[in-house]
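What follows is coords.pdb (PDB, C-alpha atoms).
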ATOM      1  CA  MET A   1      51.401 -23.999  -4.299
ATOM      2  CA  TYR A   2      51.033 -23.335  -0.576
ATOM      3  CA  ILE A   3      48.575 -25.620   1.211
ATOM      4  CA  LEU A   4      47.277 -25.045   4.729
ATOM      5  CA  GLY A   5      46.641 -28.339   6.533
ATOM      6  CA  ILE A   6      44.239 -28.724   9.474
ATOM      7  CA  GLU A   7      43.945 -31.819  11.695
ATOM      8  CA  THR A   8      41.266 -32.057  14.415
ATOM      9  CA  SER A   9      40.114 -35.690  14.316
ATOM     10  CA  CYS A  10      40.602 -36.520  17.997
ATOM     11  CA  ASP A  11      42.657 -34.993  20.809
ATOM     12  CA  GLU A  12      45.371 -33.066  18.950
ATOM     13  CA  THR A  13      45.027 -29.800  17.062
ATOM     14  CA  GLY A  14      47.498 -29.721  14.182
ATOM     15  CA  VAL A  15      48.178 -26.987  11.640
ATOM     16  CA  ALA A  16      50.838 -26.911   8.922
ATOM     17  CA  ILE A  17      51.775 -25.240   5.660
ATOM     18  CA  TYR A  18      53.218 -27.381   2.873
ATOM     19  CA  HIS A  19      54.606 -26.138  -0.444
ATOM     20  CA  SER A  20      54.365 -28.333  -3.529
ATOM     21  CA  THR A  21      58.061 -27.894  -4.416
ATOM     22  CA  GLN A  22      59.715 -26.517  -1.276
ATOM     23  CA  GLY A  23      58.219 -29.108   1.072
ATOM     24  CA  LEU A  24      57.097 -28.516   4.644
ATOM     25  CA  ILE A  25      57.265 -24.831   5.548
ATOM     26  CA  SER A  26      55.921 -24.742   9.115
ATOM     27  CA  HIS A  27      53.825 -26.835  11.469
ATOM     28  CA  HIS A  28      52.415 -26.601  14.979
ATOM     29  CA  LEU A  29      50.658 -29.079  17.230
ATOM     30  CA  TYR A  30      48.690 -28.697  20.426
ATOM     31  CA  SER A  31      47.999 -31.867  22.419
ATOM     32  CA  GLN A  32      45.047 -32.277  24.774
ATOM     33  CA  VAL A  33      46.609 -35.252  26.574
ATOM     34  CA  SER A  34      46.933 -33.526  29.948
ATOM     35  CA  MET A  35      43.254 -32.562  29.905
ATOM     36  CA  HIS A  36      41.956 -36.028  28.980
ATOM     37  CA  ASN A  37      44.371 -37.802  31.308
ATOM     38  CA  ASP A  38      42.155 -36.854  34.259
ATOM     39  CA  TYR A  39      39.344 -38.922  32.732
ATOM     40  CA  GLY A  40      41.417 -41.917  31.606
ATOM     41  CA  GLY A  41      40.581 -41.336  27.936
ATOM     42  CA  VAL A  42      39.310 -38.836  25.387
ATOM     43  CA  VAL A  43      36.093 -36.988  26.274
ATOM     44  CA  PRO A  44      34.605 -36.009  22.868
ATOM     45  CA  GLU A  45      32.797 -32.861  24.025
ATOM     46  CA  LEU A  46      35.890 -31.499  25.766
ATOM     47  CA  ALA A  47      38.000 -32.324  22.718
ATOM     48  CA  SER A  48      35.682 -30.370  20.413
ATOM     49  CA  ARG A  49      35.624 -27.325  22.661
ATOM     50  CA  ASP A  50      39.390 -27.284  22.976
ATOM     51  CA  HIS A  51      39.822 -27.486  19.193
ATOM     52  CA  ILE A  52      37.580 -24.409  18.924
ATOM     53  CA  ARG A  53      39.807 -22.512  21.355
ATOM     54  CA  LYS A  54      43.130 -23.539  19.830
ATOM     55  CA  LEU A  55      42.606 -23.812  16.065
ATOM     56  CA  ILE A  56      42.460 -20.163  14.954
ATOM     57  CA  PRO A  57      45.441 -19.083  17.140
ATOM     58  CA  LEU A  58      47.456 -22.009  15.725
ATOM     59  CA  ILE A  59      46.581 -21.011  12.155
ATOM     60  CA  LYS A  60      47.703 -17.443  12.839
ATOM     61  CA  GLN A  61      50.918 -18.670  14.467
ATOM     62  CA  THR A  62      51.709 -21.010  11.579
ATOM     63  CA  LEU A  63      51.173 -18.265   9.013
ATOM     64  CA  SER A  64      53.338 -15.888  11.033
ATOM     65  CA  ASP A  65      56.163 -18.388  11.417
ATOM     66  CA  SER A  66      56.047 -19.067   7.675
ATOM     67  CA  ARG A  67      56.185 -15.340   6.942
ATOM     68  CA  LEU A  68      53.124 -15.765   4.786
ATOM     69  CA  ILE A  69      49.810 -13.937   4.606
ATOM     70  CA  LYS A  70      46.404 -15.333   3.745
ATOM     71  CA  SER A  71      46.675 -14.275   0.092
ATOM     72  CA  ASP A  72      49.729 -16.545  -0.280
ATOM     73  CA  ILE A  73      47.710 -19.677   0.532
ATOM     74  CA  ASN A  74      46.475 -21.565  -2.548
ATOM     75  CA  GLY A  75      44.359 -24.247  -0.891
ATOM     76  CA  ILE A  76      43.227 -25.737   2.417
ATOM     77  CA  ALA A  77      43.259 -29.416   3.369
ATOM     78  CA  TYR A  78      41.391 -30.676   6.410
ATOM     79  CA  THR A  79      40.654 -34.010   8.061
ATOM     80  CA  ALA A  80      37.074 -35.034   7.279
ATOM     81  CA  GLY A  81      37.255 -38.479   8.901
ATOM     82  CA  PRO A  82      37.438 -40.938  10.403
ATOM     83  CA  GLY A  83      37.365 -39.496  13.905
ATOM     84  CA  LEU A  84      35.129 -37.875  16.501
ATOM     85  CA  MET A  85      32.129 -36.116  14.938
ATOM     86  CA  GLY A  86      32.385 -32.881  16.945
ATOM     87  CA  ALA A  87      36.154 -32.624  16.617
ATOM     88  CA  LEU A  88      35.999 -33.204  12.858
ATOM     89  CA  LEU A  89      33.319 -30.542  12.460
ATOM     90  CA  VAL A  90      35.559 -27.916  14.059
ATOM     91  CA  GLY A  91      38.245 -28.454  11.434
ATOM     92  CA  ALA A  92      35.795 -28.842   8.547
ATOM     93  CA  THR A  93      33.776 -25.696   9.268
ATOM     94  CA  THR A  94      36.908 -23.639   9.845
ATOM     95  CA  ALA A  95      38.594 -24.884   6.667
ATOM     96  CA  ARG A  96      35.525 -24.442   4.474
ATOM     97  CA  SER A  97      34.795 -20.990   5.882
ATOM     98  CA  LEU A  98      38.346 -19.776   5.345
ATOM     99  CA  ALA A  99      38.453 -21.261   1.839
ATOM    100  CA  TRP A 100      35.201 -19.512   0.898
ATOM    101  CA  THR A 101      36.395 -16.211   2.371
ATOM    102  CA  TRP A 102      39.829 -16.435   0.746
ATOM    103  CA  GLN A 103      38.316 -17.735  -2.525
ATOM    104  CA  ILE A 104      40.555 -20.794  -2.715
ATOM    105  CA  PRO A 105      39.741 -24.519  -2.908
ATOM    106  CA  ALA A 106      39.382 -26.752   0.132
ATOM    107  CA  ILE A 107      39.861 -30.522   0.073
ATOM    108  CA  ALA A 108      38.622 -33.158   2.519
ATOM    109  CA  VAL A 109      41.387 -35.587   3.544
ATOM    110  CA  HIS A 110      41.057 -39.095   4.943
ATOM    111  CA  HIS A 111      42.856 -39.233   8.283
ATOM    112  CA  MET A 112      44.463 -42.620   7.603
ATOM    113  CA  GLU A 113      45.600 -41.520   4.136
ATOM    114  CA  GLY A 114      47.407 -38.707   5.916
ATOM    115  CA  HIS A 115      49.186 -41.226   8.152
ATOM    116  CA  LEU A 116      49.906 -43.498   5.203
ATOM    117  CA  LEU A 117      51.599 -40.675   3.286
ATOM    118  CA  ALA A 118      53.461 -39.191   6.285
ATOM    119  CA  PRO A 119      56.744 -40.952   5.345
ATOM    120  CA  MET A 120      56.626 -38.964   2.077
ATOM    121  CA  LEU A 121      57.590 -35.900   4.143
ATOM    122  CA  GLU A 122      61.052 -37.361   4.732
ATOM    123  CA  GLU A 123      64.132 -36.732   2.584
ATOM    124  CA  ASN A 124      64.187 -40.366   1.444
ATOM    125  CA  PRO A 125      60.519 -41.218   0.816
ATOM    126  CA  PRO A 126      59.283 -44.671  -0.236
ATOM    127  CA  ARG A 127      58.299 -45.295  -3.831
ATOM    128  CA  PHE A 128      55.069 -46.872  -5.028
ATOM    129  CA  PRO A 129      54.018 -49.641  -4.844
ATOM    130  CA  PHE A 130      54.428 -50.732  -1.235
ATOM    131  CA  VAL A 131      52.698 -52.446   1.668
ATOM    132  CA  ALA A 132      51.594 -50.127   4.482
ATOM    133  CA  LEU A 133      50.935 -51.065   8.102
ATOM    134  CA  LEU A 134      48.771 -48.365   9.679
ATOM    135  CA  VAL A 135      48.688 -48.663  13.459
ATOM    136  CA  SER A 136      47.002 -45.914  15.447
ATOM    137  CA  GLY A 137      44.727 -45.630  18.458
ATOM    138  CA  GLY A 138      41.640 -46.807  16.601
ATOM    139  CA  HIS A 139      42.972 -48.580  13.518
ATOM    140  CA  THR A 140      45.210 -51.481  12.563
ATOM    141  CA  LEU A 141      45.282 -51.920   8.793
ATOM    142  CA  LEU A 142      47.432 -53.630   6.182
ATOM    143  CA  ILE A 143      47.127 -51.984   2.770
ATOM    144  CA  GLN A 144      48.695 -52.464  -0.634
ATOM    145  CA  VAL A 145      49.477 -48.991  -1.966
ATOM    146  CA  ASP A 146      49.907 -48.663  -5.744
ATOM    147  CA  GLY A 147      49.629 -44.872  -5.795
ATOM    148  CA  ILE A 148      47.845 -42.011  -4.060
ATOM    149  CA  GLY A 149      44.247 -43.122  -3.692
ATOM    150  CA  GLN A 150      45.018 -46.563  -5.113
ATOM    151  CA  TYR A 151      44.592 -48.681  -2.007
ATOM    152  CA  THR A 152      43.740 -52.349  -1.596
ATOM    153  CA  GLN A 153      42.951 -53.360   1.976
ATOM    154  CA  LEU A 154      44.696 -56.615   2.829
ATOM    155  CA  GLY A 155      43.760 -56.947   6.488
ATOM    156  CA  GLU A 156      42.266 -55.113   9.454
ATOM    157  CA  SER A 157      41.597 -55.533  13.146
ATOM    158  CA  LEU A 158      38.386 -57.434  13.795
ATOM    159  CA  ASP A 159      38.030 -55.950  17.290
ATOM    160  CA  ASP A 160      40.457 -53.832  19.319
ATOM    161  CA  ALA A 161      43.183 -52.071  17.357
ATOM    162  CA  ALA A 162      46.777 -52.377  18.566
ATOM    163  CA  GLY A 163      46.701 -48.837  19.966
ATOM    164  CA  GLU A 164      43.507 -49.545  21.893
ATOM    165  CA  ALA A 165      45.073 -52.677  23.346
ATOM    166  CA  PHE A 166      48.084 -50.651  24.495
ATOM    167  CA  ASP A 167      45.818 -48.059  26.144
ATOM    168  CA  LYS A 168      43.684 -50.685  27.885
ATOM    169  CA  THR A 169      46.762 -52.566  29.080
ATOM    170  CA  ALA A 170      48.152 -49.331  30.485
ATOM    171  CA  LYS A 171      44.906 -48.787  32.364
ATOM    172  CA  MET A 172      45.086 -52.321  33.837
ATOM    173  CA  LEU A 173      48.632 -51.626  34.991
ATOM    174  CA  GLY A 174      47.658 -48.298  36.519
ATOM    175  CA  LEU A 175      49.743 -46.259  34.120
ATOM    176  CA  GLY A 176      47.128 -43.751  32.976
ATOM    177  CA  TYR A 177      46.347 -42.313  29.554
ATOM    178  CA  PRO A 178      47.649 -42.360  26.847
ATOM    179  CA  GLY A 179      49.096 -45.809  27.353
ATOM    180  CA  GLY A 180      51.377 -46.665  24.450
ATOM    181  CA  ALA A 181      54.500 -44.813  25.513
ATOM    182  CA  LYS A 182      53.955 -45.675  29.181
ATOM    183  CA  VAL A 183      53.665 -49.406  28.524
ATOM    184  CA  ALA A 184      56.804 -49.253  26.365
ATOM    185  CA  LYS A 185      58.736 -47.447  29.085
ATOM    186  CA  LEU A 186      57.642 -49.914  31.759
ATOM    187  CA  ALA A 187      58.545 -52.820  29.473
ATOM    188  CA  GLU A 188      62.163 -51.647  29.520
ATOM    189  CA  GLN A 189      62.303 -52.781  33.163
ATOM    190  CA  GLY A 190      60.627 -56.126  32.458
ATOM    191  CA  ASN A 191      61.974 -59.647  32.151
ATOM    192  CA  ASP A 192      61.075 -62.333  29.598
ATOM    193  CA  ARG A 193      59.014 -64.203  32.167
ATOM    194  CA  PHE A 194      55.542 -64.652  30.631
ATOM    195  CA  LYS A 195      54.566 -66.192  27.295
ATOM    196  CA  PHE A 196      51.639 -64.351  25.705
ATOM    197  CA  PRO A 197      49.734 -65.560  22.599
ATOM    198  CA  ARG A 198      50.282 -64.112  19.129
ATOM    199  CA  PRO A 199      46.622 -63.699  18.070
ATOM    200  CA  MET A 200      45.456 -65.111  14.719
ATOM    201  CA  THR A 201      48.973 -66.030  13.598
ATOM    202  CA  ASP A 202      48.238 -69.758  13.646
ATOM    203  CA  ARG A 203      45.835 -69.479  10.710
ATOM    204  CA  PRO A 204      45.998 -68.002   7.192
ATOM    205  CA  GLY A 205      45.030 -64.408   6.511
ATOM    206  CA  LEU A 206      46.088 -60.868   7.277
ATOM    207  CA  ASP A 207      43.414 -59.759   9.749
ATOM    208  CA  PHE A 208      44.233 -58.845  13.337
ATOM    209  CA  SER A 209      42.592 -59.389  16.715
ATOM    210  CA  PHE A 210      43.916 -57.858  19.928
ATOM    211  CA  SER A 211      40.900 -58.282  22.182
ATOM    212  CA  GLY A 212      41.979 -61.764  23.302
ATOM    213  CA  LEU A 213      45.507 -60.571  24.007
ATOM    214  CA  LYS A 214      44.067 -57.819  26.185
ATOM    215  CA  THR A 215      42.011 -60.403  28.119
ATOM    216  CA  PHE A 216      45.043 -62.688  28.478
ATOM    217  CA  THR A 217      46.975 -59.735  29.899
ATOM    218  CA  MET A 218      44.265 -59.033  32.470
ATOM    219  CA  ASN A 219      44.054 -62.699  33.520
ATOM    220  CA  THR A 220      47.839 -62.916  33.882
ATOM    221  CA  LEU A 221      47.923 -59.771  35.999
ATOM    222  CA  ASN A 222      45.199 -61.123  38.278
ATOM    223  CA  LYS A 223      47.273 -64.262  38.925
ATOM    224  CA  THR A 224      50.198 -62.227  40.242
ATOM    225  CA  GLU A 225      50.701 -60.178  43.401
ATOM    226  CA  LYS A 226      50.689 -57.085  41.173
ATOM    227  CA  THR A 227      54.093 -55.909  42.338
ATOM    228  CA  ALA A 228      56.046 -53.344  40.334
ATOM    229  CA  GLN A 229      58.142 -56.133  38.811
ATOM    230  CA  ASP A 230      55.053 -58.196  37.980
ATOM    231  CA  LYS A 231      53.652 -55.241  36.055
ATOM    232  CA  ALA A 232      56.941 -54.591  34.261
ATOM    233  CA  ASP A 233      57.181 -58.250  33.214
ATOM    234  CA  ILE A 234      53.604 -58.174  31.928
ATOM    235  CA  ALA A 235      54.263 -54.965  29.967
ATOM    236  CA  PHE A 236      57.328 -56.656  28.452
ATOM    237  CA  ALA A 237      55.324 -59.745  27.450
ATOM    238  CA  PHE A 238      52.408 -57.748  26.046
ATOM    239  CA  GLN A 239      54.628 -55.488  23.949
ATOM    240  CA  LYS A 240      56.664 -58.429  22.653
ATOM    241  CA  ALA A 241      53.518 -60.347  21.662
ATOM    242  CA  THR A 242      52.042 -57.321  19.907
ATOM    243  CA  ALA A 243      55.260 -56.594  18.024
ATOM    244  CA  GLU A 244      55.718 -60.197  16.906
ATOM    245  CA  THR A 245      52.088 -60.406  15.775
ATOM    246  CA  LEU A 246      52.551 -57.317  13.602
ATOM    247  CA  VAL A 247      55.814 -58.685  12.218
ATOM    248  CA  ILE A 248      54.258 -62.034  11.252
ATOM    249  CA  LYS A 249      51.367 -60.343   9.444
ATOM    250  CA  CYS A 250      53.642 -57.866   7.647
ATOM    251  CA  ARG A 251      55.904 -60.685   6.472
ATOM    252  CA  ARG A 252      52.870 -62.503   5.075
ATOM    253  CA  ALA A 253      51.700 -59.338   3.315
ATOM    254  CA  LEU A 254      55.075 -58.761   1.664
ATOM    255  CA  ARG A 255      55.225 -62.353   0.458
ATOM    256  CA  GLN A 256      51.606 -62.351  -0.696
ATOM    257  CA  THR A 257      52.005 -59.154  -2.737
ATOM    258  CA  HIS A 258      55.594 -59.923  -3.850
ATOM    259  CA  LEU A 259      56.539 -56.372  -2.836
ATOM    260  CA  LYS A 260      59.822 -55.355  -1.222
ATOM    261  CA  THR A 261      58.850 -52.109   0.499
ATOM    262  CA  LEU A 262      57.049 -51.811   3.832
ATOM    263  CA  VAL A 263      55.767 -48.546   5.318
ATOM    264  CA  ILE A 264      54.644 -48.293   8.940
ATOM    265  CA  ALA A 265      52.782 -45.212  10.133
ATOM    266  CA  GLY A 266      50.387 -44.059  12.842
ATOM    267  CA  GLY A 267      50.863 -43.418  16.553
ATOM    268  CA  VAL A 268      51.907 -46.978  17.422
ATOM    269  CA  SER A 269      54.652 -46.816  14.771
ATOM    270  CA  ALA A 270      56.626 -44.714  17.273
ATOM    271  CA  ASN A 271      57.130 -47.840  19.405
ATOM    272  CA  THR A 272      60.841 -48.731  19.350
ATOM    273  CA  GLN A 273      60.303 -52.477  19.849
ATOM    274  CA  ILE A 274      57.921 -52.659  16.892
ATOM    275  CA  ARG A 275      60.233 -50.623  14.668
ATOM    276  CA  ASN A 276      63.266 -52.730  15.541
ATOM    277  CA  ASP A 277      61.458 -56.041  15.037
ATOM    278  CA  LEU A 278      60.104 -54.917  11.665
ATOM    279  CA  LEU A 279      63.549 -53.700  10.637
ATOM    280  CA  ILE A 280      65.047 -57.116  11.411
ATOM    281  CA  MET A 281      62.271 -58.851   9.476
ATOM    282  CA  THR A 282      62.528 -56.643   6.392
ATOM    283  CA  LYS A 283      66.290 -57.159   6.226
ATOM    284  CA  LYS A 284      65.772 -60.921   6.273
ATOM    285  CA  GLU A 285      63.170 -60.544   3.516
ATOM    286  CA  ASN A 286      65.546 -58.364   1.471
ATOM    287  CA  ALA A 287      63.010 -55.555   1.763
ATOM    288  CA  GLN A 288      63.094 -51.904   2.866
ATOM    289  CA  LEU A 289      61.299 -50.345   5.835
ATOM    290  CA  PHE A 290      60.121 -46.726   5.885
ATOM    291  CA  PHE A 291      58.492 -44.781   8.707
ATOM    292  CA  PRO A 292      57.911 -41.098   9.546
ATOM    293  CA  ARG A 293      59.934 -39.189  12.119
ATOM    294  CA  LEU A 294      58.507 -39.455  15.622
ATOM    295  CA  GLU A 295      56.728 -36.092  15.555
ATOM    296  CA  PHE A 296      54.753 -37.212  12.487
ATOM    297  CA  CYS A 297      53.736 -40.605  13.882
ATOM    298  CA  THR A 298      50.962 -39.072  15.961
ATOM    299  CA  ASP A 299      48.198 -36.908  14.481
ATOM    300  CA  ASN A 300      49.550 -33.746  12.857
ATOM    301  CA  GLY A 301      48.722 -31.078  10.314
ATOM    302  CA  ALA A 302      51.764 -31.746   8.109
ATOM    303  CA  MET A 303      50.507 -35.106   6.873
ATOM    304  CA  ILE A 304      47.088 -33.583   6.073
ATOM    305  CA  ALA A 305      48.662 -30.668   4.193
ATOM    306  CA  PHE A 306      50.809 -33.077   2.139
ATOM    307  CA  ALA A 307      47.928 -35.418   1.284
ATOM    308  CA  GLY A 308      45.691 -32.502   0.356
ATOM    309  CA  CYS A 309      48.408 -30.935  -1.773
ATOM    310  CA  GLN A 310      48.774 -34.100  -3.864
ATOM    311  CA  ARG A 311      45.039 -34.269  -4.521
ATOM    312  CA  LEU A 312      44.744 -30.578  -5.367
ATOM    313  CA  LEU A 313      47.724 -30.821  -7.726
ATOM    314  CA  ALA A 314      45.968 -33.711  -9.458
ATOM    315  CA  GLY A 315      42.988 -31.448 -10.088
ATOM    316  CA  GLN A 316      40.612 -32.910  -7.531
ATOM    317  CA  GLN A 317      37.793 -30.464  -6.786
ATOM    318  CA  GLU A 318      34.986 -30.412  -4.246
ATOM    319  CA  ASN A 319      31.920 -28.222  -3.766
ATOM    320  CA  LEU A 320      31.327 -25.915  -0.815
ATOM    321  CA  GLU A 321      29.397 -28.497   1.210
ATOM    322  CA  ILE A 322      30.624 -28.934   4.787
ATOM    323  CA  TYR A 323      30.655 -32.616   5.649
ATOM    324  CA  VAL A 324      32.555 -35.063   7.833
ATOM    325  CA  LYS A 325      32.677 -38.869   7.922
ATOM    326  CA  PRO A 326      33.307 -40.233  11.437
ATOM    327  CA  ARG A 327      33.353 -43.719   9.858
ATOM    328  CA  TRP A 328      35.131 -43.775   6.514
ATOM    329  CA  SER A 329      36.858 -46.748   4.901
ATOM    330  CA  ILE A 330      40.128 -45.895   3.202
ATOM    331  CA  ALA A 331      39.305 -48.499   0.557
ATOM    332  CA  THR A 332      36.569 -46.164  -0.789
ATOM    333  CA  LEU A 333      39.022 -43.420  -1.780
ATOM    334  CA  ARG A 334      39.571 -42.801  -5.463
ATOM    335  CA  GLY A 335      42.950 -42.290  -7.078
ATOM    336  CA  CYS A 336      44.389 -38.972  -8.143
TER     337      CYS A 336
END

Whole structure, structure tokens version:
Amino acid sequence: MYILGIETSCDETGVAIYHSTQGLISHHLYSQVSMHNDYGGVVPELASRDHIRKLIPLIKQTLSDSRLIKSDINGIAYTAGPGLMGALLVGATTARSLAWTWQIPAIAVHHMEGHLLAPMLEENPPRFPFVALLVSGGHTLLIQVDGIGQYTQLGESLDDAAGEAFDKTAKMLGLGYPGGAKVAKLAEQGNDRFKFPRPMTDRPGLDFSFSGLKTFTMNTLNKTEKTAQDKADIAFAFQKATAETLVIKCRRALRQTHLKTLVIAGGVSANTQIRNDLLIMTKKENAQLFFPRLEFCTDNGAMIAFAGCQRLLAGQQENLEIYVKPRWSIATLRGC
């Protein structure tokens, strides 16, 4: 079964083709980062218009690279949420229209389920059950995963997600957008000079809060002369505090669930400091850590094609209605 995957939830247009037995066949991604960088963040209207321009050419290119034609495709998976309303509608209307024209099924995929299952694209995928840490621009979630669609939310961010905190810190430091990779790069030049708080780690529970850490970062910066070294030291302290906060919560989740497998996925999972700290922790806990390759940490069509393939193989069907869910809790998904 060949599945065409379409991702248009925010500022990246992703298209991929996944085969149920052969694996990933082809994938392409177009990033809008350079366009949004001029505005210091994503402009929803511009994002939607750019998806309209790029999506069909990317679909044609992906089919061509796969040496497939439209009659070879057995189903279409698309991101229906969460995300930006206009951007989601571009992918949904395109997917539903193609599916109706080609007389094949289309399946709506939850964006965070796509991230959660991205490590399944690797040669050595994790096995159920496991704990998943999903860290992206707008979400920080801890989930117990017993199977596809069998998700129990253990904790979430009560305010800013980790990715948002990275972006806002980058803006404070004058690094531009997107901020995660830029803060990490600047942190490499920093010294262990400042001690930042580890939010909500001094109390029970698995929820997160990064708003206070963001404020602490701003206050610390304002107390310095804002030299290049001051900024590097602050980036170092912020990244270290964020990584250690995530580690503490993940350790609690593993112990609470008595599971020995941790998956980390989403854009922030590309951060080397966070990966290394989690790897050290899981080894101490006699547990295993899994994460997707770097190109599948950010939004992409491959993860959507894989997630959709699993649901279509399980016999999940949907009507021809075109709908998107800009706000959509992963806990509401049903199992395959």

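Rounded to one decimal, atom CA of Leu142 of chain A and atom CA of Glu156 of chain A lie 6.3 Å from each other.
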
Problem set entry | Residue nearest Leu320 of chain A - candidates A:Gln61, A:Ser71, A:Gln22, A:Gln103, atoms counted: all atoms listed in the file |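 Smallest distance to Leu320 of chain A is found for A:Gln103.
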
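On the file presented, the PyMOL selection byres ((chain A and resi 154) around 6) picks out Leu142, Ile143, Gln153 and Gly155 of chain A.
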
Exercise. Rounded to one decimal in Å, what is the spacing between atom CA of Thr282 of chain A and atom CA of Glu188 of chain A?
Worked result: 23.7 Å

Exercise. Nearest to Ser157 of chain A among A:Thr201, A:Thr21, A:Thr224, A:Ser209, with distances taken over only C-alpha atoms: which residue is it?
Worked result: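 Closest residue, counting only C-alpha atoms: A:Ser209.
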
Exercise. Quick one: of A:Gln310, A:Gln150, A:Gln144, A:Ser329, who's nearest to Leu262 of chain A, counting all atoms listed in the file?
Worked result: A:Gln144
